[in-house]
file final34.cif (mmCIF, C-alpha atoms)
data_protein
#
loop_
_atom_site.label_atom_id
_atom_site.label_comp_id
_atom_site.auth_asym_id
_atom_site.auth_seq_id
_atom_site.Cartn_x
_atom_site.Cartn_y
_atom_site.Cartn_z
CA MET A 256 -46.33 -56.18 -13.00
CA THR A 257 -46.35 -52.76 -14.49
CA TRP A 258 -46.96 -51.00 -11.17
CA ARG A 259 -44.37 -53.14 -9.40
CA ALA A 260 -41.76 -52.21 -12.01
CA LEU A 261 -42.53 -48.52 -11.57
CA ILE A 262 -42.03 -48.86 -7.82
CA LEU A 263 -38.83 -50.88 -8.02
CA VAL A 264 -37.05 -48.52 -10.40
CA PRO A 265 -37.22 -45.46 -8.09
CA ALA A 266 -36.13 -47.63 -5.17
CA LEU A 267 -33.08 -48.72 -7.12
CA LEU A 268 -32.26 -45.12 -8.01
CA ILE A 269 -32.57 -44.05 -4.38
CA ALA A 270 -30.29 -46.86 -3.25
CA THR A 271 -27.72 -45.95 -5.91
CA ALA A 272 -27.85 -42.28 -4.90
CA ALA A 273 -27.34 -43.20 -1.25
CA ILE A 274 -24.27 -45.25 -2.11
CA THR A 275 -22.88 -42.40 -4.23
CA LEU A 276 -23.49 -39.91 -1.40
CA ALA A 277 -21.78 -42.19 1.08
CA VAL A 278 -18.75 -42.47 -1.17
CA ALA A 279 -18.62 -38.68 -1.64
CA VAL A 280 -18.79 -38.03 2.09
CA ALA A 281 -16.14 -40.62 2.85
CA ALA A 282 -13.69 -39.28 0.23
CA PRO A 283 -10.62 -37.49 1.70
CA PRO A 284 -10.46 -33.67 1.29
CA ARG A 285 -8.70 -32.47 -1.83
CA ALA A 286 -5.30 -30.92 -1.21
CA LEU A 287 -5.09 -27.22 -2.13
CA PRO A 288 -2.34 -26.13 -4.52
CA ALA A 289 0.75 -24.61 -2.95
CA PRO A 290 1.01 -20.79 -3.36
CA LYS A 291 3.45 -19.41 -5.87
CA THR A 292 6.74 -18.60 -4.19
CA ASP A 293 6.86 -15.04 -5.55
CA THR A 294 3.97 -14.06 -3.28
CA LEU A 295 5.73 -15.16 -0.08
CA ALA A 296 8.61 -13.51 1.77
CA ALA A 297 10.32 -13.18 5.14
CA ARG A 298 10.35 -9.35 4.89
CA LEU A 299 7.44 -7.23 3.66
CA LEU A 300 7.18 -3.47 3.26
CA LEU A 301 4.28 -1.13 3.87
CA PRO A 302 5.84 1.68 1.79
CA TYR A 303 3.85 4.53 3.29
CA PHE A 304 1.19 5.14 5.89
CA GLU A 305 -0.68 8.32 6.63
CA VAL A 306 -3.16 8.94 9.44
CA ASP A 307 -4.99 12.24 9.86
CA PHE A 308 -5.76 12.60 13.56
CA THR A 309 -7.56 15.94 13.12
CA SER A 310 -10.77 14.05 12.31
CA PRO A 311 -12.12 10.54 12.98
CA GLN A 312 -13.13 10.51 9.30
CA GLY A 313 -9.68 11.57 8.14
CA ARG A 314 -7.24 9.55 6.10
CA THR A 315 -5.91 6.31 7.53
CA THR A 316 -4.02 3.21 6.43
CA LEU A 317 -4.94 -0.43 6.96
CA PHE A 318 -2.72 -3.42 6.26
CA ALA A 319 -3.01 -7.17 6.69
CA VAL A 320 -0.42 -9.93 7.06
CA ARG A 321 -1.17 -13.59 6.37
CA ASN A 322 0.77 -16.72 7.24
CA ASP A 323 0.48 -19.14 4.31
CA ASP A 324 2.17 -21.98 6.19
CA ASP A 325 0.64 -24.91 8.06
CA ALA A 326 2.75 -24.08 11.11
CA PRO A 327 2.88 -20.92 13.28
CA VAL A 328 5.34 -18.17 12.34
CA ALA A 329 6.87 -15.43 14.51
CA VAL A 330 6.39 -11.92 13.09
CA THR A 331 7.80 -8.51 14.06
CA ILE A 332 6.30 -5.23 12.81
CA ASP A 333 8.47 -2.09 12.99
CA TYR A 334 6.89 1.33 12.41
CA PHE A 335 9.23 4.10 11.25
CA GLU A 336 8.81 7.83 10.93
CA ALA A 337 9.06 9.06 7.35
CA ASN A 338 12.66 10.26 7.72
CA ARG A 339 14.09 8.35 10.70
CA PRO A 340 15.20 4.94 9.40
CA ALA A 341 17.72 4.08 12.11
CA VAL A 342 15.36 3.33 15.00
CA PRO A 343 11.69 2.30 14.74
CA GLN A 344 9.26 4.51 16.62
CA LEU A 345 7.19 1.46 17.55
CA SER A 346 7.74 -2.31 17.43
CA GLU A 347 5.41 -5.19 18.11
CA SER A 348 5.80 -8.95 17.99
CA LEU A 349 3.14 -11.56 17.38
CA THR A 350 2.72 -15.15 16.32
CA LEU A 351 0.54 -15.94 13.33
CA GLY A 352 -1.13 -19.32 13.46
CA PRO A 353 -1.45 -21.57 10.40
CA LYS A 354 -3.26 -19.66 7.61
CA GLN A 355 -4.04 -16.81 10.03
CA VAL A 356 -4.56 -13.20 8.90
CA VAL A 357 -4.06 -10.19 11.17
CA THR A 358 -5.38 -6.78 10.05
CA THR A 359 -4.08 -3.52 11.53
CA ASN A 360 -5.50 0.00 11.37
CA VAL A 361 -2.53 2.32 11.90
CA ARG A 362 -4.92 4.83 13.49
CA ALA A 363 -5.14 2.47 16.48
CA LYS A 364 -1.36 2.55 16.99
CA ASN A 365 0.56 5.06 19.07
CA VAL A 366 2.51 6.45 16.11
CA ILE A 367 4.27 9.80 16.21
CA ARG A 368 2.41 12.74 14.67
CA ASP A 369 3.86 15.70 12.81
CA ASP A 370 3.07 19.29 13.76
CA ASP A 371 -0.10 19.21 11.63
CA ASP A 372 -1.43 16.25 13.70
CA VAL A 373 -0.86 13.83 10.81
CA ALA A 374 1.27 10.71 11.21
CA ARG A 375 3.44 9.78 8.23
CA GLY A 376 5.83 6.89 7.91
CA TYR A 377 6.31 3.32 6.76
CA ALA A 378 6.44 -0.16 8.28
CA VAL A 379 8.63 -3.23 7.84
CA ILE A 380 7.20 -6.68 8.63
CA ARG A 381 9.67 -9.50 9.30
CA ALA A 382 9.08 -13.23 9.79
CA ASP A 383 11.43 -15.99 10.88
CA ARG A 384 10.97 -17.71 7.50
CA PRO A 385 9.47 -16.81 4.08
CA THR A 386 5.83 -17.73 4.60
CA ILE A 387 4.04 -14.37 4.81
CA GLN A 388 2.22 -12.13 2.36
CA GLY A 389 -0.20 -9.24 2.77
CA ASP A 390 -1.97 -6.18 1.43
CA TYR A 391 -2.67 -2.58 2.38
CA PHE A 392 -5.27 0.12 1.76
CA GLN A 393 -5.18 3.91 1.94
CA LEU A 394 -8.62 5.10 3.07
CA ASP A 395 -10.07 8.61 2.91
CA ASP A 396 -13.61 8.43 4.28
CA ALA A 397 -14.27 12.14 3.87
CA ASN A 398 -13.75 11.94 0.09
CA ASP A 399 -14.96 8.34 -0.41
CA PHE A 400 -11.49 7.37 -1.67
CA ALA A 401 -9.86 3.98 -1.17
CA ALA A 402 -7.01 2.29 -3.00
CA GLY A 403 -4.59 -0.47 -2.15
CA ASP A 404 -2.08 -3.05 -3.28
CA ARG A 405 -0.05 -6.01 -2.07
CA LEU A 406 2.57 -5.43 0.59
CA VAL A 407 5.93 -5.18 -1.16
CA ASN A 408 8.30 -8.15 -1.16
CA ALA A 409 11.42 -6.55 0.36
CA ASP A 410 13.15 -9.80 1.29
CA PRO A 411 16.84 -9.48 0.29
CA ASP A 412 17.11 -13.28 0.06
CA SER A 413 14.09 -13.65 -2.22
CA PRO A 414 14.60 -13.97 -5.99
CA HIS A 415 11.32 -12.06 -6.31
CA ASN A 416 12.40 -9.01 -4.32
CA GLU A 417 10.33 -6.08 -5.65
CA LEU A 418 12.60 -3.16 -4.75
CA CYS A 419 14.02 -1.40 -7.81
CA ARG A 420 15.90 1.73 -8.78
CA PHE A 421 14.05 2.55 -12.03
CA TYR A 422 10.25 2.80 -12.39
CA THR A 423 7.90 3.56 -15.27
CA ILE A 424 4.34 4.31 -14.23
CA ARG A 425 1.18 5.79 -15.76
CA SER A 426 -0.01 9.31 -14.98
CA PHE A 427 -3.59 10.62 -15.31
CA ASN A 428 -4.20 14.32 -14.86
CA GLY A 429 -7.21 15.17 -17.01
CA GLY A 430 -10.66 14.16 -18.22
CA PRO A 431 -12.64 12.51 -15.41
CA PHE A 432 -9.41 12.15 -13.41
CA ASP A 433 -9.72 15.69 -12.09
CA GLY A 434 -7.97 14.68 -8.87
CA GLY A 435 -4.83 13.84 -10.82
CA THR A 436 -2.26 11.23 -9.84
CA THR A 437 -0.46 11.00 -6.52
CA PHE A 438 2.76 9.00 -6.35
CA THR A 439 3.85 7.21 -3.20
CA ILE A 440 7.63 6.86 -3.04
CA TRP A 441 9.74 4.91 -0.55
CA LEU A 442 13.55 4.96 -0.55
CA GLU A 443 15.74 2.26 0.97
CA SER A 444 18.33 4.00 3.13
CA ASP A 445 19.91 3.79 6.57
CA VAL A 446 20.38 7.56 6.79
CA PRO A 447 17.77 10.35 6.60
CA ALA A 448 17.21 12.41 3.48
CA THR A 449 18.45 15.98 3.97
CA GLY A 450 16.60 17.73 1.15
CA ALA A 451 19.90 19.13 -0.15
CA ALA A 452 20.32 16.44 -2.82
CA PRO A 453 17.61 15.06 -5.13
CA VAL A 454 16.01 11.82 -3.98
CA ALA A 455 14.91 11.01 -7.53
CA PHE A 456 15.13 12.11 -11.15
CA TYR A 457 12.15 11.89 -13.49
CA THR A 458 11.15 12.27 -17.14
CA VAL A 459 7.57 13.02 -18.20
CA TYR A 460 6.13 11.53 -21.41
CA ASN A 461 2.87 12.16 -23.24
CA GLU A 462 0.75 9.35 -24.68
CA ALA A 463 2.52 9.64 -28.04
CA GLY A 464 5.77 8.68 -26.30
CA ASP A 465 7.38 12.12 -26.57
CA ALA A 466 9.61 13.19 -23.67
CA ILE A 467 8.11 16.52 -22.54
CA PHE A 468 10.59 17.48 -19.83
CA SER A 469 12.82 16.10 -17.08
CA GLY A 470 13.25 17.20 -13.49
CA GLN A 471 14.72 16.47 -10.07
CA LEU A 472 12.71 15.66 -6.96
CA PHE A 473 13.86 17.03 -3.60
CA ARG A 474 12.38 15.82 -0.31
CA ASP A 475 13.59 15.61 3.28
CA ALA A 476 11.88 12.25 3.79
CA LEU A 477 12.38 8.63 2.76
CA ALA A 478 8.63 7.90 2.51
CA PHE A 479 6.33 10.52 1.03
CA ARG A 480 3.60 11.35 -1.49
CA VAL A 481 3.88 13.77 -4.39
CA SER A 482 1.19 14.80 -6.89
CA SER A 483 1.68 14.83 -10.64
CA THR A 484 1.01 18.58 -10.74
CA ASP A 485 3.85 19.13 -8.23
CA LEU A 486 6.23 17.55 -10.74
CA GLY A 487 5.61 20.35 -13.22
CA LEU A 488 8.39 22.87 -13.82
CA LEU A 489 8.39 26.52 -14.81
CA GLY A 490 6.95 26.61 -18.32
CA PHE A 491 6.13 22.88 -18.32
CA GLU A 492 3.05 21.01 -17.16
CA VAL A 493 2.44 17.29 -16.82
CA PRO A 494 0.20 16.27 -19.76
CA PRO A 495 -3.33 15.03 -19.03
CA PHE A 496 -2.40 11.44 -19.87
CA GLY A 497 0.99 9.83 -20.21
CA ALA A 498 3.70 8.16 -18.16
CA ILE A 499 6.58 9.13 -15.90
CA GLU A 500 9.95 7.44 -15.55
CA PHE A 501 11.57 7.68 -12.12
CA GLU A 502 15.21 7.02 -11.28
CA LEU A 503 15.80 6.80 -7.53
CA ASN A 504 19.06 8.47 -6.59
CA GLN A 505 21.70 5.83 -5.80
CA THR A 506 19.30 3.49 -4.03
CA THR A 507 16.44 1.09 -4.57
CA GLY A 508 12.90 1.66 -3.40
CA HIS A 509 9.27 1.50 -4.41
CA VAL A 510 6.92 3.75 -6.43
CA TRP A 511 3.14 3.40 -6.53
CA ALA A 512 0.41 5.59 -8.06
CA GLN A 513 -3.13 6.51 -7.04
CA MET A 514 -5.48 8.20 -9.53
CA SER A 515 -8.55 10.13 -8.30
CA ALA A 516 -11.64 10.95 -10.35
CA LEU A 517 -14.81 13.02 -10.01
CA GLY A 518 -14.22 13.71 -6.34
CA ARG A 519 -15.23 10.22 -5.21
CA PHE A 520 -13.44 7.48 -7.15
CA SER A 521 -9.84 6.34 -7.01
CA VAL A 522 -7.68 3.50 -8.28
CA GLY A 523 -4.19 2.43 -7.30
CA LEU A 524 -1.66 0.73 -9.54
CA GLY A 525 2.00 -0.04 -9.81
CA GLY A 526 4.30 0.14 -12.80
CA SER A 527 7.23 -1.68 -14.30
CA CYS A 528 10.50 -1.59 -12.42
CA GLY A 529 14.08 -2.69 -12.91
CA ASP A 530 17.67 -2.18 -11.86
CA GLU A 531 18.63 -0.65 -15.20
CA ALA A 532 17.24 2.38 -17.01
CA PRO A 533 14.51 1.64 -19.59
CA ALA A 534 15.79 1.31 -23.14
CA GLY A 535 15.34 4.31 -25.36
#
call {"tool": "encode", "arguments": {"input": "final34.cif", "output": "structure tokens"}}
result
Amino acid sequence: MTWRALILVPALLIATAAITLAVAVAAPPRALPAPKTDTLAARLLLPYFEVDFTSPQGRTTLFAVRNDDDAPVAVTIDYFEANRPAVPQLSESLTLGPKQVVTTNVRAKNVIRDDDDVARGYAVIRADRPTIQGDYFQLDDANDFAAGDRLVNADPDSPHNELCRFYTIRSFNGGPFDGGTTFTIWLESDVPATGAAPVAFYTVYNEAGDAIFSGQLFRDALAFRVSSTDLGLLGFEVPPFGAIEFELNQTTGHVWAQMSALGRFSVGLGGSCGDEAPAG
């Protein structure tokens, strides 16, 4: 009797486990939660791309677009030169299947190069309905640098549109961050920048919150990069650590920062933005 009981108990456990497994296999798949609406748009912005064609290991830009819907969506990608907003230099159309992601290396595109054999510009991605999101990366293989962020929600019909006129963003220019901070700036405009009028105004603060100096930024481009050291004025230098407030001149846009350290590390980050100047 004792041996029979020992044999019957495992058999009962095995039978119970088999029933449990059968129930688990037969259960319907769990529905995934819907994405938050502030991550989806019908118009996305790649605020700046740069491709160095002088070397296969030179700087390049990658970006990806994803369809979060369960149905296909038609997408158009327009590539613009840095200061020619009226007509795209290159356009392409594609259909993203349900949940599909398409990644693009701008180096593989026939984009227009400047005289130094470097292509600079930006891209606008449009969909026939607000179901897309994406990300981008700036890669510099020669210096082992890489940094990225989400593609910017530039949908005028979205309550979560991320284009602003005022930005406050951190600045590192000392300690291990010997490469300083480079700001990527994109301006929303239908006409080119001439360089005769400032595209932005800025105020530099130290970590104690003291305003060190203010300046004006002149550029003949709507999409460009500028280093923190270039923002210094005669007799004034950007402090090693602090923050910079930008006011874009009579337009909205986007500002993003990339900090470089020790010749081989980098990090990208955004800041706070709004349509009114920060209090203070």
call {"tool": "residues_near_point", "arguments": {"input": "final34.cif", "point": "(-7.7, 8.6, -9.1)", "cutoff": "7 Å", "atoms": "all atoms listed in the file", "output": "list in words"}}
result
Phe432, Gly434, Gly435, Thr436, Gln513, Met514, Ser515, Ala516, Phe520, Ser521 and Val522 of chain A
call {"tool": "resolve_selection", "arguments": {"input": "final34.cif", "expression": "the PyMOL selection byres ((chain A and resi 485-500) around 12)", "output": "number ranges by chain"}}
result
A: 420-438, 455-473, 480-484, 501-503, 510-512, 514, 525-529, 531-535
call {"tool": "write_last_selection", "arguments": {"input": "final34.cif", "atoms": "C-alpha atoms", "output": "PDB file, in the coordinates of the input"}}
result
ATOM      1  CA  ARG A 420      15.900   1.730  -8.780  1.00  0.00           C
ATOM      2  CA  PHE A 421      14.050   2.550 -12.030  1.00  0.00           C
ATOM      3  CA  TYR A 422      10.250   2.800 -12.390  1.00  0.00           C
ATOM      4  CA  THR A 423       7.900   3.560 -15.270  1.00  0.00           C
ATOM      5  CA  ILE A 424       4.340   4.310 -14.230  1.00  0.00           C
ATOM      6  CA  ARG A 425       1.180   5.790 -15.760  1.00  0.00           C
ATOM      7  CA  SER A 426      -0.010   9.310 -14.980  1.00  0.00           C
ATOM      8  CA  PHE A 427      -3.590  10.620 -15.310  1.00  0.00           C
ATOM      9  CA  ASN A 428      -4.200  14.320 -14.860  1.00  0.00           C
ATOM     10  CA  GLY A 429      -7.210  15.170 -17.010  1.00  0.00           C
ATOM     11  CA  GLY A 430     -10.660  14.160 -18.220  1.00  0.00           C
ATOM     12  CA  PRO A 431     -12.640  12.510 -15.410  1.00  0.00           C
ATOM     13  CA  PHE A 432      -9.410  12.150 -13.410  1.00  0.00           C
ATOM     14  CA  ASP A 433      -9.720  15.690 -12.090  1.00  0.00           C
ATOM     15  CA  GLY A 434      -7.970  14.680  -8.870  1.00  0.00           C
ATOM     16  CA  GLY A 435      -4.830  13.840 -10.820  1.00  0.00           C
ATOM     17  CA  THR A 436      -2.260  11.230  -9.840  1.00  0.00           C
ATOM     18  CA  THR A 437      -0.460  11.000  -6.520  1.00  0.00           C
ATOM     19  CA  PHE A 438       2.760   9.000  -6.350  1.00  0.00           C
ATOM     20  CA  ALA A 455      14.910  11.010  -7.530  1.00  0.00           C
ATOM     21  CA  PHE A 456      15.130  12.110 -11.150  1.00  0.00           C
ATOM     22  CA  TYR A 457      12.150  11.890 -13.490  1.00  0.00           C
ATOM     23  CA  THR A 458      11.150  12.270 -17.140  1.00  0.00           C
ATOM     24  CA  VAL A 459       7.570  13.020 -18.200  1.00  0.00           C
ATOM     25  CA  TYR A 460       6.130  11.530 -21.410  1.00  0.00           C
ATOM     26  CA  ASN A 461       2.870  12.160 -23.240  1.00  0.00           C
ATOM     27  CA  GLU A 462       0.750   9.350 -24.680  1.00  0.00           C
ATOM     28  CA  ALA A 463       2.520   9.640 -28.040  1.00  0.00           C
ATOM     29  CA  GLY A 464       5.770   8.680 -26.300  1.00  0.00           C
ATOM     30  CA  ASP A 465       7.380  12.120 -26.570  1.00  0.00           C
ATOM     31  CA  ALA A 466       9.610  13.190 -23.670  1.00  0.00           C
ATOM     32  CA  ILE A 467       8.110  16.520 -22.540  1.00  0.00           C
ATOM     33  CA  PHE A 468      10.590  17.480 -19.830  1.00  0.00           C
ATOM     34  CA  SER A 469      12.820  16.100 -17.080  1.00  0.00           C
ATOM     35  CA  GLY A 470      13.250  17.200 -13.490  1.00  0.00           C
ATOM     36  CA  GLN A 471      14.720  16.470 -10.070  1.00  0.00           C
ATOM     37  CA  LEU A 472      12.710  15.660  -6.960  1.00  0.00           C
ATOM     38  CA  PHE A 473      13.860  17.030  -3.600  1.00  0.00           C
ATOM     39  CA  ARG A 480       3.600  11.350  -1.490  1.00  0.00           C
ATOM     40  CA  VAL A 481       3.880  13.770  -4.390  1.00  0.00           C
ATOM     41  CA  SER A 482       1.190  14.800  -6.890  1.00  0.00           C
ATOM     42  CA  SER A 483       1.680  14.830 -10.640  1.00  0.00           C
ATOM     43  CA  THR A 484       1.010  18.580 -10.740  1.00  0.00           C
ATOM     44  CA  PHE A 501      11.570   7.680 -12.120  1.00  0.00           C
ATOM     45  CA  GLU A 502      15.210   7.020 -11.280  1.00  0.00           C
ATOM     46  CA  LEU A 503      15.800   6.800  -7.530  1.00  0.00           C
ATOM     47  CA  VAL A 510       6.920   3.750  -6.430  1.00  0.00           C
ATOM     48  CA  TRP A 511       3.140   3.400  -6.530  1.00  0.00           C
ATOM     49  CA  ALA A 512       0.410   5.590  -8.060  1.00  0.00           C
ATOM     50  CA  MET A 514      -5.480   8.200  -9.530  1.00  0.00           C
ATOM     51  CA  GLY A 525       2.000  -0.040  -9.810  1.00  0.00           C
ATOM     52  CA  GLY A 526       4.300   0.140 -12.800  1.00  0.00           C
ATOM     53  CA  SER A 527       7.230  -1.680 -14.300  1.00  0.00           C
ATOM     54  CA  CYS A 528      10.500  -1.590 -12.420  1.00  0.00           C
ATOM     55  CA  GLY A 529      14.080  -2.690 -12.910  1.00  0.00           C
ATOM     56  CA  GLU A 531      18.630  -0.650 -15.200  1.00  0.00           C
ATOM     57  CA  ALA A 532      17.240   2.380 -17.010  1.00  0.00           C
ATOM     58  CA  PRO A 533      14.510   1.640 -19.590  1.00  0.00           C
ATOM     59  CA  ALA A 534      15.790   1.310 -23.140  1.00  0.00           C
ATOM     60  CA  GLY A 535      15.340   4.310 -25.360  1.00  0.00           C
TER      61      GLY A 535
END
call {"tool": "atom_distance", "arguments": {"input": "final34.cif", "atom1": "CA of Asp383 in chain A", "atom2": "CA of Val330 in chain A"}}
result
6.8 Å
call {"tool": "resolve_selection", "arguments": {"input": "final34.cif", "expression": "the PyMOL selection byres ((chain A and resi 439-450) around 6)", "output": "ChimeraX atom specification"}}
result
/A:302,338-341,438,451-452,473-480,507-511
call {"tool": "write_last_selection", "arguments": {"input": "final34.cif", "atoms": "C-alpha atoms", "output": "tab-separated table (two decimals), keeping the file's coordinate frame"}}
result
chain	number	residue	atom	x	y	z
A	302	PRO	CA	5.84	1.68	1.79
A	338	ASN	CA	12.66	10.26	7.72
A	339	ARG	CA	14.09	8.35	10.70
A	340	PRO	CA	15.20	4.94	9.40
A	341	ALA	CA	17.72	4.08	12.11
A	438	PHE	CA	2.76	9.00	-6.35
A	451	ALA	CA	19.90	19.13	-0.15
A	452	ALA	CA	20.32	16.44	-2.82
A	473	PHE	CA	13.86	17.03	-3.60
A	474	ARG	CA	12.38	15.82	-0.31
A	475	ASP	CA	13.59	15.61	3.28
A	476	ALA	CA	11.88	12.25	3.79
A	477	LEU	CA	12.38	8.63	2.76
A	478	ALA	CA	8.63	7.90	2.51
A	479	PHE	CA	6.33	10.52	1.03
A	480	ARG	CA	3.60	11.35	-1.49
A	507	THR	CA	16.44	1.09	-4.57
A	508	GLY	CA	12.90	1.66	-3.40
A	509	HIS	CA	9.27	1.50	-4.41
A	510	VAL	CA	6.92	3.75	-6.43
A	511	TRP	CA	3.14	3.40	-6.53
call {"tool": "atom_distance", "arguments": {"input": "final34.cif", "atom1": "CA of Ala401 in chain A", "atom2": "CA of Leu317 in chain A"}}
result
10.5 Å
call {"tool": "residues_near_point", "arguments": {"input": "final34.cif", "point": "(2.0, 6.3, 6.6)", "cutoff": "12 Å", "atoms": "all atoms listed in the file", "output": "NGL selection string"}}
result
:A and (300-307 or 314-318 or 334-338 or 360-362 or 364 or 366-369 or 373-379 or 391-394 or 439-441 or 476-480)
call {"tool": "closest_residue", "arguments": {"input": "final34.cif", "among": "A:Asp390, A:Asp530, A:Asp370, A:Asp404", "to": "Ala319 in chain A", "atoms": "all atoms listed in the file"}}
result
A:Asp390
call {"tool": "atom_distance", "arguments": {"input": "final34.cif", "atom1": "CA of Ser310 in chain A", "atom2": "CA of Phe400 in chain A"}}
result
15.5 Å
call {"tool": "residues_around", "arguments": {"input": "final34.cif", "residues": "Pro411 in chain A", "least_positions_apart": "5", "cutoff": "9 Å", "atoms": "all atoms listed in the file", "output": "mmCIF file with C-alpha atoms, keeping the file's coordinate frame"}}
result
data_model
loop_
_atom_site.group_PDB
_atom_site.id
_atom_site.type_symbol
_atom_site.label_atom_id
_atom_site.label_comp_id
_atom_site.auth_asym_id
_atom_site.auth_seq_id
_atom_site.Cartn_x
_atom_site.Cartn_y
_atom_site.Cartn_z
ATOM 1 C CA ALA A 297 10.320 -13.180 5.140
ATOM 2 C CA ARG A 298 10.350 -9.350 4.890
ATOM 3 C CA ASN A 416 12.400 -9.010 -4.320
#
call {"tool": "closest_residue", "arguments": {"input": "final34.cif", "among": "A:Ala409, A:Cys419, A:Ile380, A:Val357", "to": "Asp333 in chain A", "atoms": "only C-alpha atoms"}}
result
A:Ile380
call {"tool": "closest_residue", "arguments": {"input": "final34.cif", "among": "A:Leu349, A:Val407, A:Ala402, A:Val454", "to": "Leu524 in chain A", "atoms": "all atoms listed in the file"}}
result
A:Ala402
call {"tool": "resolve_selection", "arguments": {"input": "final34.cif", "expression": "the PyMOL selection byres ((chain A and resi 351) around 8)", "output": "PyMOL selection string"}}
result
chain A and resi 321-322+327-330+349-350+352-357
call {"tool": "closest_residue", "arguments": {"input": "final34.cif", "among": "A:Ala326, A:Leu406, A:Ile332, A:Leu345", "to": "Thr386 in chain A", "atoms": "all atoms listed in the file"}}
result
A:Ala326
call {"tool": "closest_residue", "arguments": {"input": "final34.cif", "among": "A:Asn408, A:Leu295, A:Val320, A:Arg381", "to": "Thr358 in chain A", "atoms": "all atoms listed in the file"}}
result
A:Val320
call {"tool": "build_atoms", "arguments": {"input": "final34.cif", "residues": "range 456-461 of chain A", "atoms": "all heavy atoms", "output": "PDB file, in the frame of the given file"}}
result
ATOM      1  N   PHE A 456      15.191  11.384  -9.881  1.00  0.00           N
ATOM      2  CA  PHE A 456      15.130  12.110 -11.150  1.00  0.00           C
ATOM      3  C   PHE A 456      13.942  11.553 -11.933  1.00  0.00           C
ATOM      4  O   PHE A 456      13.589  10.378 -11.786  1.00  0.00           O
ATOM      5  CB  PHE A 456      16.422  11.915 -11.944  1.00  0.00           C
ATOM      6  CG  PHE A 456      17.669  12.208 -11.151  1.00  0.00           C
ATOM      7  CD1 PHE A 456      18.345  11.185 -10.495  1.00  0.00           C
ATOM      8  CD2 PHE A 456      18.164  13.495 -11.051  1.00  0.00           C
ATOM      9  CE1 PHE A 456      19.490  11.440  -9.755  1.00  0.00           C
ATOM     10  CE2 PHE A 456      19.307  13.765 -10.315  1.00  0.00           C
ATOM     11  CZ  PHE A 456      19.975  12.738  -9.662  1.00  0.00           C
ATOM     12  N   TYR A 457      13.324  12.381 -12.772  1.00  0.00           N
ATOM     13  CA  TYR A 457      12.150  11.890 -13.490  1.00  0.00           C
ATOM     14  C   TYR A 457      12.065  12.532 -14.875  1.00  0.00           C
ATOM     15  O   TYR A 457      12.565  13.635 -15.109  1.00  0.00           O
ATOM     16  CB  TYR A 457      10.868  12.159 -12.705  1.00  0.00           C
ATOM     17  CG  TYR A 457      10.576  13.616 -12.430  1.00  0.00           C
ATOM     18  CD1 TYR A 457       9.788  14.371 -13.297  1.00  0.00           C
ATOM     19  CD2 TYR A 457      11.089  14.247 -11.294  1.00  0.00           C
ATOM     20  CE1 TYR A 457       9.518  15.709 -13.043  1.00  0.00           C
ATOM     21  CE2 TYR A 457      10.824  15.584 -11.030  1.00  0.00           C
ATOM     22  CZ  TYR A 457      10.037  16.306 -11.912  1.00  0.00           C
ATOM     23  OH  TYR A 457       9.780  17.634 -11.658  1.00  0.00           O
ATOM     24  N   THR A 458      11.429  11.793 -15.789  1.00  0.00           N
ATOM     25  CA  THR A 458      11.150  12.270 -17.140  1.00  0.00           C
ATOM     26  C   THR A 458       9.679  12.041 -17.429  1.00  0.00           C
ATOM     27  O   THR A 458       9.158  10.945 -17.182  1.00  0.00           O
ATOM     28  CB  THR A 458      12.007  11.551 -18.186  1.00  0.00           C
ATOM     29  OG1 THR A 458      13.397  11.765 -17.888  1.00  0.00           O
ATOM     30  CG2 THR A 458      11.707  12.064 -19.586  1.00  0.00           C
ATOM     31  N   VAL A 459       9.009  13.068 -17.939  1.00  0.00           N
ATOM     32  CA  VAL A 459       7.570  13.020 -18.200  1.00  0.00           C
ATOM     33  C   VAL A 459       7.341  12.808 -19.695  1.00  0.00           C
ATOM     34  O   VAL A 459       7.940  13.499 -20.535  1.00  0.00           O
ATOM     35  CB  VAL A 459       6.897  14.329 -17.740  1.00  0.00           C
ATOM     36  CG1 VAL A 459       5.407  14.312 -18.070  1.00  0.00           C
ATOM     37  CG2 VAL A 459       7.117  14.536 -16.242  1.00  0.00           C
ATOM     38  N   TYR A 460       6.463  11.849 -20.028  1.00  0.00           N
ATOM     39  CA  TYR A 460       6.130  11.530 -21.410  1.00  0.00           C
ATOM     40  C   TYR A 460       4.632  11.736 -21.644  1.00  0.00           C
ATOM     41  O   TYR A 460       3.818  11.522 -20.737  1.00  0.00           O
ATOM     42  CB  TYR A 460       6.458  10.059 -21.724  1.00  0.00           C
ATOM     43  CG  TYR A 460       7.932   9.727 -21.690  1.00  0.00           C
ATOM     44  CD1 TYR A 460       8.569   9.439 -20.485  1.00  0.00           C
ATOM     45  CD2 TYR A 460       8.681   9.684 -22.861  1.00  0.00           C
ATOM     46  CE1 TYR A 460       9.920   9.128 -20.449  1.00  0.00           C
ATOM     47  CE2 TYR A 460      10.035   9.369 -22.834  1.00  0.00           C
ATOM     48  CZ  TYR A 460      10.644   9.094 -21.627  1.00  0.00           C
ATOM     49  OH  TYR A 460      11.982   8.787 -21.597  1.00  0.00           O
ATOM     50  N   ASN A 461       4.280  12.143 -22.876  1.00  0.00           N
ATOM     51  CA  ASN A 461       2.870  12.160 -23.240  1.00  0.00           C
ATOM     52  C   ASN A 461       2.479  10.800 -23.807  1.00  0.00           C
ATOM     53  O   ASN A 461       3.315   9.886 -23.906  1.00  0.00           O
ATOM     54  CB  ASN A 461       2.559  13.299 -24.217  1.00  0.00           C
ATOM     55  CG  ASN A 461       3.337  13.170 -25.529  1.00  0.00           C
ATOM     56  OD1 ASN A 461       3.834  12.102 -25.876  1.00  0.00           O
ATOM     57  ND2 ASN A 461       3.445  14.272 -26.262  1.00  0.00           N
TER      58      ASN A 461
END
